[in-house]
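Asker: File follows, target_26.txt with compact mmCIF, C-alpha atoms:
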```
# COMPACT_ATOMS: atom_id res chain seq x y z
CA MET A 1057 135.13 128.03 148.32
CA ARG A 1058 134.85 124.40 147.24
CA PRO A 1059 136.94 123.68 144.16
CA ILE A 1060 134.70 120.76 143.10
CA PRO A 1061 130.89 120.82 143.47
CA ALA A 1062 129.74 118.15 145.90
CA THR A 1063 127.41 116.54 143.37
CA LEU A 1064 130.20 116.06 140.82
CA LEU A 1065 132.63 114.78 143.44
CA ALA A 1066 130.08 112.30 144.75
CA ALA A 1067 129.36 111.05 141.24
CA ALA A 1068 133.05 110.52 140.53
CA CYS A 1069 133.55 108.59 143.75
CA LEU A 1070 130.45 106.49 143.22
CA LEU A 1071 131.51 105.47 139.72
CA THR A 1072 134.55 103.76 141.21
CA VAL A 1073 132.49 102.09 143.93
CA LEU A 1074 129.80 100.95 141.53
CA ALA A 1075 132.29 99.41 139.13
CA CYS A 1076 133.51 97.16 141.94
CA ALA A 1077 130.02 96.46 143.24
CA LYS A 1078 128.88 95.00 139.91
CA GLN A 1079 131.28 92.10 140.43
CA THR A 1080 129.49 90.79 143.53
CA GLU A 1081 125.86 90.54 144.53
CA ILE A 1082 125.01 89.58 148.10
CA ARG A 1083 121.33 89.02 148.84
CA THR A 1084 119.60 88.87 152.20
CA PRO A 1085 116.48 86.66 152.17
CA VAL A 1086 113.26 88.53 152.85
CA GLY A 1087 112.32 87.91 156.46
CA ALA A 1088 115.90 87.40 157.60
CA THR A 1089 116.83 89.38 160.70
CA VAL A 1090 120.09 91.25 160.67
CA THR A 1091 121.36 91.53 164.24
CA PRO A 1092 120.31 95.11 165.01
CA THR A 1093 122.18 97.68 167.03
CA ALA A 1094 121.64 101.36 167.63
CA GLN A 1095 123.72 101.91 164.50
CA TRP A 1096 122.11 99.26 162.29
CA ASP A 1097 125.71 98.12 162.06
CA LEU A 1098 125.18 95.51 159.34
CA PRO A 1099 127.97 93.11 158.34
CA TRP A 1100 130.41 95.17 156.30
CA SER A 1101 130.25 94.02 152.69
CA THR A 1102 129.45 95.38 149.27
CA ALA A 1103 125.79 94.74 150.03
CA PHE A 1104 125.69 97.10 153.00
CA LYS A 1105 128.30 99.61 151.88
CA SER A 1106 127.66 103.35 151.54
CA PRO A 1107 124.09 103.97 152.69
CA GLN A 1108 123.09 107.26 151.09
CA ALA A 1109 119.31 107.66 151.25
CA LEU A 1110 116.63 107.11 153.89
CA ALA A 1111 112.87 107.21 154.23
CA VAL A 1112 110.52 106.21 157.04
CA GLY A 1113 106.89 105.34 156.39
CA ALA A 1114 103.82 106.00 158.47
CA ASP A 1115 104.10 102.49 159.93
CA GLY A 1116 107.62 103.20 161.23
CA ALA A 1117 109.31 100.93 158.70
CA ALA A 1118 112.54 102.38 157.35
CA TRP A 1119 113.95 102.16 153.86
CA VAL A 1120 117.70 102.43 153.24
CA ALA A 1121 119.41 102.78 149.83
CA TYR A 1122 122.98 101.52 149.47
CA ALA A 1123 125.16 103.12 146.80
CA ALA A 1124 127.70 100.31 146.36
CA SER A 1125 125.18 97.54 145.66
CA GLY A 1126 122.28 99.53 144.27
CA ARG A 1127 119.99 97.87 146.78
CA LEU A 1128 117.05 99.05 148.85
CA LEU A 1129 116.36 97.31 152.15
CA ARG A 1130 113.20 97.73 154.18
CA PHE A 1131 113.47 97.22 157.94
CA ASN A 1132 110.50 96.88 160.24
CA ALA A 1133 110.55 98.36 163.74
CA ALA A 1134 112.08 95.16 165.13
CA GLY A 1135 115.05 95.31 162.75
CA ALA A 1136 113.97 92.52 160.40
CA VAL A 1137 114.64 92.86 156.67
CA THR A 1138 111.17 92.65 155.12
CA ALA A 1139 112.01 93.73 151.57
CA ASP A 1140 115.15 93.69 149.44
CA TRP A 1141 114.98 95.43 146.05
CA GLY A 1142 117.62 95.95 143.38
CA PRO A 1143 120.53 95.49 142.84
CA LEU A 1144 122.51 97.44 140.25
CA GLY A 1145 121.16 97.66 136.72
CA THR A 1146 118.86 99.55 134.39
CA ALA A 1147 116.05 97.00 134.06
CA PRO A 1148 112.77 97.64 135.88
CA GLY A 1149 113.29 97.22 139.63
CA ARG A 1150 117.06 97.79 139.41
CA PHE A 1151 119.00 100.98 140.02
CA ASP A 1152 122.08 102.72 138.69
CA ASP A 1153 122.43 104.89 141.79
CA PRO A 1154 119.52 105.08 144.29
CA ALA A 1155 120.22 108.54 145.68
CA GLY A 1156 116.85 109.55 147.12
CA LEU A 1157 113.86 107.88 148.77
CA ALA A 1158 110.37 108.88 149.83
CA VAL A 1159 107.28 107.03 151.04
CA SER A 1160 103.90 108.47 150.10
CA PRO A 1161 100.92 108.76 152.46
CA VAL A 1162 99.46 105.63 150.80
CA GLY A 1163 102.68 103.64 151.21
CA GLU A 1164 104.06 103.84 147.69
CA VAL A 1165 107.83 104.19 147.45
CA TYR A 1166 109.58 106.71 145.20
CA VAL A 1167 113.23 106.16 144.30
CA VAL A 1168 115.54 108.71 142.68
CA ASP A 1169 117.83 106.79 140.32
CA ARG A 1170 120.45 109.51 139.96
CA PHE A 1171 122.70 108.14 137.21
CA ALA A 1172 119.67 107.09 135.16
CA ASN A 1173 118.06 110.53 135.65
CA ARG A 1174 114.71 109.03 136.50
CA ILE A 1175 112.16 108.58 139.27
CA VAL A 1176 110.74 105.10 139.85
CA ARG A 1177 107.46 104.53 141.71
CA PHE A 1178 106.81 101.22 143.45
CA SER A 1179 103.81 99.78 145.20
CA ALA A 1180 104.27 98.92 148.86
CA ALA A 1181 104.70 95.30 147.75
CA GLY A 1182 107.54 96.18 145.38
CA ALA A 1183 105.80 96.19 142.00
CA VAL A 1184 107.11 98.81 139.58
CA LEU A 1185 104.18 101.13 138.90
CA ASP A 1186 105.85 103.62 136.60
CA ALA A 1187 109.02 105.59 135.96
CA TRP A 1188 109.72 108.96 134.45
CA GLY A 1189 112.54 111.28 133.54
CA SER A 1190 115.49 111.44 131.19
CA ARG A 1191 118.61 113.55 131.11
CA GLY A 1192 118.04 117.13 130.08
CA SER A 1193 116.95 120.57 131.20
CA SER A 1194 113.46 120.83 129.73
CA ALA A 1195 110.30 120.52 131.80
CA GLY A 1196 110.24 117.09 133.41
CA ALA A 1197 113.79 116.19 132.38
CA LEU A 1198 116.41 115.68 135.09
CA ASP A 1199 120.13 116.13 135.60
CA ALA A 1200 121.66 114.26 138.55
CA PRO A 1201 118.55 114.41 140.77
CA VAL A 1202 119.07 113.58 144.44
CA GLY A 1203 116.26 114.27 146.89
CA VAL A 1204 112.58 113.42 146.63
CA ALA A 1205 109.62 114.07 148.91
CA VAL A 1206 105.87 113.51 148.77
CA GLY A 1207 103.43 116.08 150.10
CA PRO A 1208 100.22 115.37 152.03
CA ASP A 1209 98.26 115.71 148.77
CA GLY A 1210 100.53 113.28 146.92
CA THR A 1211 102.53 115.89 145.01
CA VAL A 1212 106.05 114.61 144.33
CA TYR A 1213 108.93 117.09 144.72
CA VAL A 1214 112.35 116.35 143.21
CA ALA A 1215 115.62 118.14 143.95
CA ASP A 1216 116.97 118.39 140.40
CA ALA A 1217 120.50 119.23 141.49
CA GLY A 1218 122.22 119.46 138.12
CA ASN A 1219 119.57 121.83 136.80
CA HIS A 1220 119.58 123.89 140.03
CA ARG A 1221 115.84 123.65 140.51
CA VAL A 1222 113.06 121.80 142.30
CA GLN A 1223 110.45 120.19 140.06
CA TYR A 1224 107.09 118.89 141.17
CA PHE A 1225 104.88 116.22 139.66
CA THR A 1226 101.61 114.38 140.14
CA PRO A 1227 101.88 111.02 141.94
CA THR A 1228 102.13 109.30 138.54
CA GLY A 1229 104.82 111.61 137.16
CA ALA A 1230 102.94 114.25 135.18
CA TYR A 1231 104.92 117.50 135.24
CA LEU A 1232 103.26 120.29 137.23
CA GLY A 1233 105.94 122.95 137.50
CA GLU A 1234 109.31 123.95 138.85
CA TRP A 1235 110.88 126.42 141.25
CA ARG A 1236 113.98 128.25 140.28
CA SER A 1237 113.58 132.01 140.11
CA GLU A 1238 110.71 131.91 142.63
CA ALA A 1239 113.17 130.83 145.30
CA ILE A 1240 115.52 133.78 144.92
CA ALA A 1241 116.51 135.25 148.27
CA ALA A 1242 119.32 137.74 148.76
CA GLY A 1243 119.97 137.59 145.02
CA ARG A 1244 120.72 133.86 144.95
CA GLN A 1245 119.02 131.08 143.05
CA PHE A 1246 119.38 127.43 143.89
CA ALA A 1247 122.91 126.05 143.69
CA ALA A 1248 122.72 122.25 143.51
CA PRO A 1249 119.67 121.58 145.71
CA VAL A 1250 120.11 118.02 146.99
CA GLY A 1251 117.44 117.53 149.66
CA VAL A 1252 113.74 118.26 149.89
CA ALA A 1253 111.11 117.65 152.59
CA VAL A 1254 107.45 118.55 153.01
CA ALA A 1255 105.86 119.55 156.30
CA SER A 1256 102.36 118.51 157.32
CA ASP A 1257 101.08 121.97 156.35
CA GLY A 1258 102.34 121.48 152.79
CA THR A 1259 105.25 123.90 153.01
CA VAL A 1260 108.52 122.72 151.53
CA TYR A 1261 112.10 122.74 152.80
CA VAL A 1262 115.02 122.54 150.37
CA ALA A 1263 118.63 121.75 151.28
CA ASP A 1264 120.43 124.16 148.94
CA GLU A 1265 123.89 122.63 149.15
CA GLY A 1266 125.83 125.13 147.05
CA ASN A 1267 124.40 128.11 148.91
CA HIS A 1268 124.91 126.50 152.34
CA ARG A 1269 121.35 127.08 153.46
CA VAL A 1270 117.91 125.52 153.79
CA LEU A 1271 115.04 127.36 152.13
CA HIS A 1272 111.53 127.25 153.53
CA LEU A 1273 108.95 127.75 150.76
CA ALA A 1274 105.19 127.93 150.64
CA SER A 1275 103.34 125.23 148.71
CA ASP A 1276 103.19 127.60 145.72
CA GLY A 1277 106.95 128.21 145.87
CA ALA A 1278 106.76 131.62 147.55
CA PHE A 1279 109.76 132.36 149.74
CA ILE A 1280 109.15 132.16 153.50
CA ARG A 1281 112.61 132.22 155.03
CA ASN A 1282 116.20 131.08 154.87
CA LEU A 1283 117.63 128.82 157.54
CA GLY A 1284 121.34 129.26 158.03
CA THR A 1285 124.32 130.87 156.42
CA ARG A 1286 127.71 129.40 155.64
CA GLY A 1287 129.81 128.61 158.69
CA GLY A 1288 130.39 126.29 161.60
CA ALA A 1289 128.47 128.00 164.39
CA GLY A 1290 125.10 126.78 165.63
CA GLY A 1291 122.50 127.38 162.94
CA GLN A 1292 125.09 127.68 160.17
CA PHE A 1293 125.82 125.09 157.47
CA GLU A 1294 128.57 123.73 155.30
CA ALA A 1295 127.05 122.02 152.24
CA PRO A 1296 123.86 120.65 153.86
CA GLY A 1297 123.07 117.32 152.24
CA GLY A 1298 119.57 116.53 153.43
CA VAL A 1299 116.53 117.75 155.32
CA ALA A 1300 113.54 116.14 157.05
CA VAL A 1301 110.55 117.38 159.04
CA ALA A 1302 109.35 115.74 162.26
CA PRO A 1303 105.63 115.28 163.04
CA ASP A 1304 105.79 118.25 165.43
CA GLY A 1305 107.27 120.48 162.73
CA THR A 1306 110.88 120.31 163.91
CA VAL A 1307 113.24 120.67 160.96
CA VAL A 1308 116.18 118.24 160.94
CA VAL A 1309 119.15 119.01 158.68
CA ALA A 1310 122.13 116.88 157.63
CA ASP A 1311 124.90 119.47 157.96
CA THR A 1312 127.24 117.35 155.90
CA GLY A 1313 130.31 119.56 155.78
CA ASN A 1314 130.21 120.16 159.53
CA HIS A 1315 129.64 116.45 160.33
CA ARG A 1316 126.56 117.03 162.46
CA VAL A 1317 122.77 117.06 162.53
CA GLN A 1318 121.05 120.36 163.34
CA ARG A 1319 117.50 120.98 164.56
CA PHE A 1320 115.23 124.02 164.10
CA ASP A 1321 111.72 124.83 165.24
CA PRO A 1322 108.97 125.52 162.64
CA ALA A 1323 109.71 129.26 162.86
CA GLY A 1324 113.33 128.65 161.87
CA ARG A 1325 114.87 129.14 165.31
CA PHE A 1326 117.93 127.03 166.05
CA LEU A 1327 117.28 124.35 168.67
CA GLY A 1328 120.56 122.49 168.83
CA SER A 1329 122.88 120.07 167.09
CA PHE A 1330 124.61 116.77 167.69
CA GLY A 1331 127.54 114.94 166.18
CA GLU A 1332 131.10 115.68 165.15
CA ARG A 1333 133.68 114.19 162.84
CA GLY A 1334 134.65 110.70 163.97
CA GLY A 1335 133.71 107.06 163.94
CA ALA A 1336 132.11 106.53 167.34
CA LEU A 1337 128.37 106.26 167.88
CA GLY A 1338 126.91 109.69 167.24
CA ASP A 1339 129.83 110.81 165.06
CA PHE A 1340 129.82 111.29 161.29
CA ARG A 1341 132.25 111.28 158.41
CA SER A 1342 130.03 111.52 155.34
CA LEU A 1343 126.52 112.31 156.51
CA GLU A 1344 124.37 111.79 153.42
CA ALA A 1345 120.77 111.88 154.61
CA VAL A 1346 118.39 112.18 157.54
CA ALA A 1347 114.84 110.98 158.09
CA VAL A 1348 112.36 111.25 160.95
CA ALA A 1349 110.06 108.45 162.11
CA PRO A 1350 106.45 108.98 163.23
CA ASP A 1351 107.60 108.80 166.87
CA GLY A 1352 110.07 111.65 166.30
CA SER A 1353 113.23 109.51 166.30
CA ILE A 1354 115.90 110.54 163.84
CA PHE A 1355 117.73 108.31 161.37
CA SER A 1356 121.00 109.23 159.68
CA ALA A 1357 122.94 107.58 156.85
CA ASP A 1358 126.72 107.84 156.76
CA ALA A 1359 128.30 106.59 153.53
CA ALA A 1360 131.88 106.65 154.82
CA ILE A 1361 131.26 104.75 158.06
CA HIS A 1362 128.81 102.44 156.24
CA ARG A 1363 126.07 102.58 158.83
CA VAL A 1364 122.69 104.00 159.75
CA ASP A 1365 122.40 105.59 163.20
CA ARG A 1366 119.19 106.14 165.16
CA PHE A 1367 118.65 108.90 167.70
CA ALA A 1368 115.90 110.17 169.95
CA GLY A 1369 114.40 113.46 168.86
CA ASP A 1370 116.85 115.38 171.06
CA GLY A 1371 119.87 113.63 169.53
CA THR A 1372 120.44 110.98 172.20
CA PRO A 1373 121.66 107.73 170.56
CA LEU A 1374 119.04 105.03 170.91
CA PRO A 1375 119.86 101.73 172.64
CA ALA A 1376 120.44 98.54 170.70
CA TRP A 1377 117.32 96.80 169.45
CA GLY A 1378 116.48 93.60 171.23
CA THR A 1379 118.37 94.47 174.40
CA ALA A 1380 117.42 96.21 177.60
CA PRO A 1381 117.96 100.02 177.56
```
Can the structure in the file be given as structure tokens, please?
Answerer:
Amino acid sequence: MRPIPATLLAAACLLTVLACAKQTEIRTPVGATVTPTAQWDLPWSTAFKSPQALAVGADGAAWVAYAASGRLLRFNAAGAVTADWGPLGTAPGRFDDPAGLAVSPVGEVYVVDRFANRIVRFSAAGAVLDAWGSRGSSAGALDAPVGVAVGPDGTVYVADAGNHRVQYFTPTGAYLGEWRSEAIAAGRQFAAPVGVAVASDGTVYVADEGNHRVLHLASDGAFIRNLGTRGGAGGQFEAPGGVAVAPDGTVVVADTGNHRVQRFDPAGRFLGSFGERGGALGDFRSLEAVAVAPDGSIFSADAAIHRVDRFAGDGTPLPAWGTAP
């Protein structure tokens, strides 16, 4: 039993970090190349501290959200910084706590601003298109949202952790519905869902952190299956913090409490895992999110080690960019 829910603990820790981050703003010019490694081991500073959200677009470009600075960086496949949004703030284009990221099929970027209880939609060029949400429990309101995903049809799914539900919206933020009781399995409703991902067939995966499982749901919210139970064995979870789906349907889960990434086939069968607690390449201390690129490579964000790792689809760490394998 965890004495403090992970979402509340994370919020408390981030408040301290954010208070310090507001004192310093470090900007990287658009087009500047940060020396890339297999870990995206950027110079340690407030600007690159505590990566906590990831998304990879159809073009292979990766977005990373940093908790300490409230910044979003976009990296192209060569490791160059091609966009730099933020930093901290409540004005349009700034963020209180960018906790979730998704890229739509048309290249628009959705950002979950957790402390502001809102979703912000940007064009691919960085223009703010719209924003929605406020704190509450009514339809369309949010309470400490974390994960966001966009389906093939443009439907936007939000893991509304504080309200223990998943809400879904049109691409422009019109409320469509929510899943709460529909997702009951074995007598349990959602308990702080923090991650959400959509497969190419439109089915939805939810990282249900408090119940130590990943739910697989049909596009209408009907229950398909549970992945995992609480524990440390292969296929079990301890507070899973994120989920992603590869182009071939492989399900990739950030098994945060067990400091590893786990993989499952589309039928829910366990394929394997990689990682353990530590600081070396391939290890994790605070695994916050995972994402999968179009080529099947896996990205992970670790807020405690302050880095983003990249792996082949089977979990093999990728070589440094710009050097021979």
Asker: CA of Tyr1166 in chain A to CA of Gly1331 in chain A: how many Å, to one decimal?
Answerer: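 Answer for the CA of Tyr1166 in chain A to CA of Gly1331 in chain A separation: 28.8 Å.
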Asker: With distances taken over all atoms listed in the file, which residue among A:Val1301, A:Asp1358, A:Leu1273, A:Tyr1224 lies nearest Ser1256 in chain A?
Answerer: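 So, comparing all the options, the nearest one is A:Val1301.
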Asker: Give the answer as one residue: which of A:Val1299, A:Ala1136, A:Val1162, A:Ala1187 has the shortest atom-to-atom distance to Pro1148 in chain A, using all atoms listed in the file?
Answerer: A:Ala1187
Asker: Within 10 Å of Gly1218 in chain A, counting only C-alpha atoms, which residues show up once you throw out same-chain ones fewer than 2 positions away? Write them as JSON, numbers by chain, please.
Answerer: {"A": [1063, 1064, 1191, 1192, 1193, 1198, 1199, 1200, 1201, 1202, 1215, 1216, 1220, 1221, 1247, 1248, 1249, 1250]}
Asker: Within 10 Å of range 1311-1326 of chain A, which residues of range 1224-1304 of chain A come that close, and what is the closest atom pair and distance in Å for each? Count all atoms listed in the file and give it as JSON lines.
Answerer:
```
{"residue": "A:Ala1255", "atom": "CA", "partner": "A:Pro1322", "partner_atom": "CA", "distance": 9.2}
{"residue": "A:Ala1263", "atom": "CA", "partner": "A:Asp1311", "partner_atom": "CA", "distance": 9.4}
{"residue": "A:Glu1265", "atom": "CA", "partner": "A:Thr1312", "partner_atom": "CA", "distance": 9.2}
{"residue": "A:His1268", "atom": "CA", "partner": "A:Asp1311", "partner_atom": "CA", "distance": 9.0}
{"residue": "A:Arg1269", "atom": "CA", "partner": "A:Asp1311", "partner_atom": "CA", "distance": 9.5}
{"residue": "A:Val1270", "atom": "CA", "partner": "A:Gly1324", "partner_atom": "CA", "distance": 9.8}
{"residue": "A:Leu1271", "atom": "CA", "partner": "A:Gly1324", "partner_atom": "CA", "distance": 10.0}
{"residue": "A:His1272", "atom": "CA", "partner": "A:Gly1324", "partner_atom": "CA", "distance": 8.6}
{"residue": "A:Ile1280", "atom": "CA", "partner": "A:Ala1323", "partner_atom": "CA", "distance": 9.8}
{"residue": "A:Arg1281", "atom": "CA", "partner": "A:Gly1324", "partner_atom": "CA", "distance": 7.7}
{"residue": "A:Asn1282", "atom": "CA", "partner": "A:Gly1324", "partner_atom": "CA", "distance": 7.9}
{"residue": "A:Leu1283", "atom": "CA", "partner": "A:Gly1324", "partner_atom": "CA", "distance": 6.1}
{"residue": "A:Gly1284", "atom": "CA", "partner": "A:Gly1324", "partner_atom": "CA", "distance": 8.9}
{"residue": "A:Gly1287", "atom": "CA", "partner": "A:Asn1314", "partner_atom": "CA", "distance": 8.5}
{"residue": "A:Gly1288", "atom": "CA", "partner": "A:Asn1314", "partner_atom": "CA", "distance": 6.5}
{"residue": "A:Ala1289", "atom": "CA", "partner": "A:Asn1314", "partner_atom": "CA", "distance": 9.4}
{"residue": "A:Gly1290", "atom": "CA", "partner": "A:Phe1326", "partner_atom": "CA", "distance": 7.2}
{"residue": "A:Gly1291", "atom": "CA", "partner": "A:Phe1326", "partner_atom": "CA", "distance": 5.5}
{"residue": "A:Gln1292", "atom": "CA", "partner": "A:Asp1311", "partner_atom": "CA", "distance": 8.5}
{"residue": "A:Phe1293", "atom": "CA", "partner": "A:Asp1311", "partner_atom": "CA", "distance": 5.7}
{"residue": "A:Glu1294", "atom": "CA", "partner": "A:Gly1313", "partner_atom": "CA", "distance": 4.5}
{"residue": "A:Ala1295", "atom": "CA", "partner": "A:Gly1313", "partner_atom": "CA", "distance": 5.4}
{"residue": "A:Pro1296", "atom": "CA", "partner": "A:Asp1311", "partner_atom": "CA", "distance": 4.4}
{"residue": "A:Gly1297", "atom": "CA", "partner": "A:Thr1312", "partner_atom": "CA", "distance": 5.5}
{"residue": "A:Gly1298", "atom": "CA", "partner": "A:Asp1311", "partner_atom": "CA", "distance": 7.6}
{"residue": "A:Val1299", "atom": "CA", "partner": "A:Asp1311", "partner_atom": "CA", "distance": 8.9}
{"residue": "A:Ala1300", "atom": "CA", "partner": "A:Arg1319", "partner_atom": "CA", "distance": 9.8}
{"residue": "A:Val1301", "atom": "CA", "partner": "A:Pro1322", "partner_atom": "CA", "distance": 9.0}
{"residue": "A:Ala1302", "atom": "CA", "partner": "A:Pro1322", "partner_atom": "CA", "distance": 9.8}
{"residue": "A:Asp1304", "atom": "CA", "partner": "A:Pro1322", "partner_atom": "CA", "distance": 8.4}
```
Asker: Report, in Å with one decimal, the straight-line distance from CA of Ala1357 in chain A to CA of Trp1141 in chain A.
Answerer: 18.1 Å
Asker: Let me make sure I understand: among A:Ala1134, A:Ala1310, A:Ala1274, A:Ala1155, which one has the smallest atom-to-atom distance to Ser1106 in chain A if we use all atoms listed in the file?
Answerer: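 Of A:Ala1134, A:Ala1310, A:Ala1274, A:Ala1155, the one nearest Ser1106 in chain A is A:Ala1155, counting all atoms listed in the file.
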Asker: Can you measure CA of Val1165 in chain A to CA of Thr1138 in chain A for me? One decimal in Å is fine.
Answerer: 14.3 Å
Asker: I'd like the contact shell of Ser1179 in chain A - 7 Å cut-off, only C-alpha atoms, skipping same-chain residues fewer than 5 positions apart - returned as an mmCIF file with C-alpha atoms, keeping the file's coordinate frame.
Answerer:
```cif
data_model
loop_
_atom_site.group_PDB
_atom_site.id
_atom_site.type_symbol
_atom_site.label_atom_id
_atom_site.label_comp_id
_atom_site.auth_asym_id
_atom_site.auth_seq_id
_atom_site.Cartn_x
_atom_site.Cartn_y
_atom_site.Cartn_z
ATOM 1 C CA GLU A 1164 104.060 103.840 147.690
ATOM 2 C CA VAL A 1165 107.830 104.190 147.450
ATOM 3 C CA VAL A 1184 107.110 98.810 139.580
ATOM 4 C CA LEU A 1185 104.180 101.130 138.900
#
```
Asker: Restricting the calculation to only C-alpha atoms, which member of A:Gly1371, A:Gly1156, A:Gly1334, A:Gly1229 is positioned closest to Ala1111 in chain A?
Answerer: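 Smallest distance to Ala1111 in chain A is found for A:Gly1156.
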Asker: Go through A:His1362, A:Glu1234, A:Arg1130, A:Val1308 one by one, measure the shortest atom-to-atom distance of each to Ala1278 in chain A using all atoms listed in the file, and give the residue with the smallest value.
Answerer: A:Glu1234
Asker: Nearest to Ala1139 in chain A: which of A:Tyr1261, A:Trp1119, A:Phe1151, A:Phe1330 is it, counting only C-alpha atoms?
Answerer: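 Checking each candidate against Ala1139 in chain A, we get A:Trp1119 as the closest.
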Asker: Using only C-alpha atoms, list the residues that have an atom at most 8 Å from (101.3, 111.8, 143.2), coordinates as in the file, as a PDB file with C-alpha atoms, in the coordinates of the input.
Answerer:
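Result file is selection-v7.pdb:
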```pdb
ATOM      1  CA  VAL A1206     105.870 113.510 148.770  1.00  0.00           C
ATOM      2  CA  ASP A1209      98.260 115.710 148.770  1.00  0.00           C
ATOM      3  CA  GLY A1210     100.530 113.280 146.920  1.00  0.00           C
ATOM      4  CA  THR A1211     102.530 115.890 145.010  1.00  0.00           C
ATOM      5  CA  VAL A1212     106.050 114.610 144.330  1.00  0.00           C
ATOM      6  CA  PHE A1225     104.880 116.220 139.660  1.00  0.00           C
ATOM      7  CA  THR A1226     101.610 114.380 140.140  1.00  0.00           C
ATOM      8  CA  PRO A1227     101.880 111.020 141.940  1.00  0.00           C
ATOM      9  CA  THR A1228     102.130 109.300 138.540  1.00  0.00           C
ATOM     10  CA  GLY A1229     104.820 111.610 137.160  1.00  0.00           C
TER      11      GLY A1229
END
```
Asker: Could you work out an axis-aligned box for range 1124-1136 of chain A, taking every atom the file lists and adding 8 Å on each side, and report centre and edge lengths in Å to one decimal, as JSON?
Answerer:
```
{"center_x": 119.1, "center_y": 96.4, "center_z": 154.7, "size_x": 33.2, "size_y": 23.8, "size_z": 36.9}
```
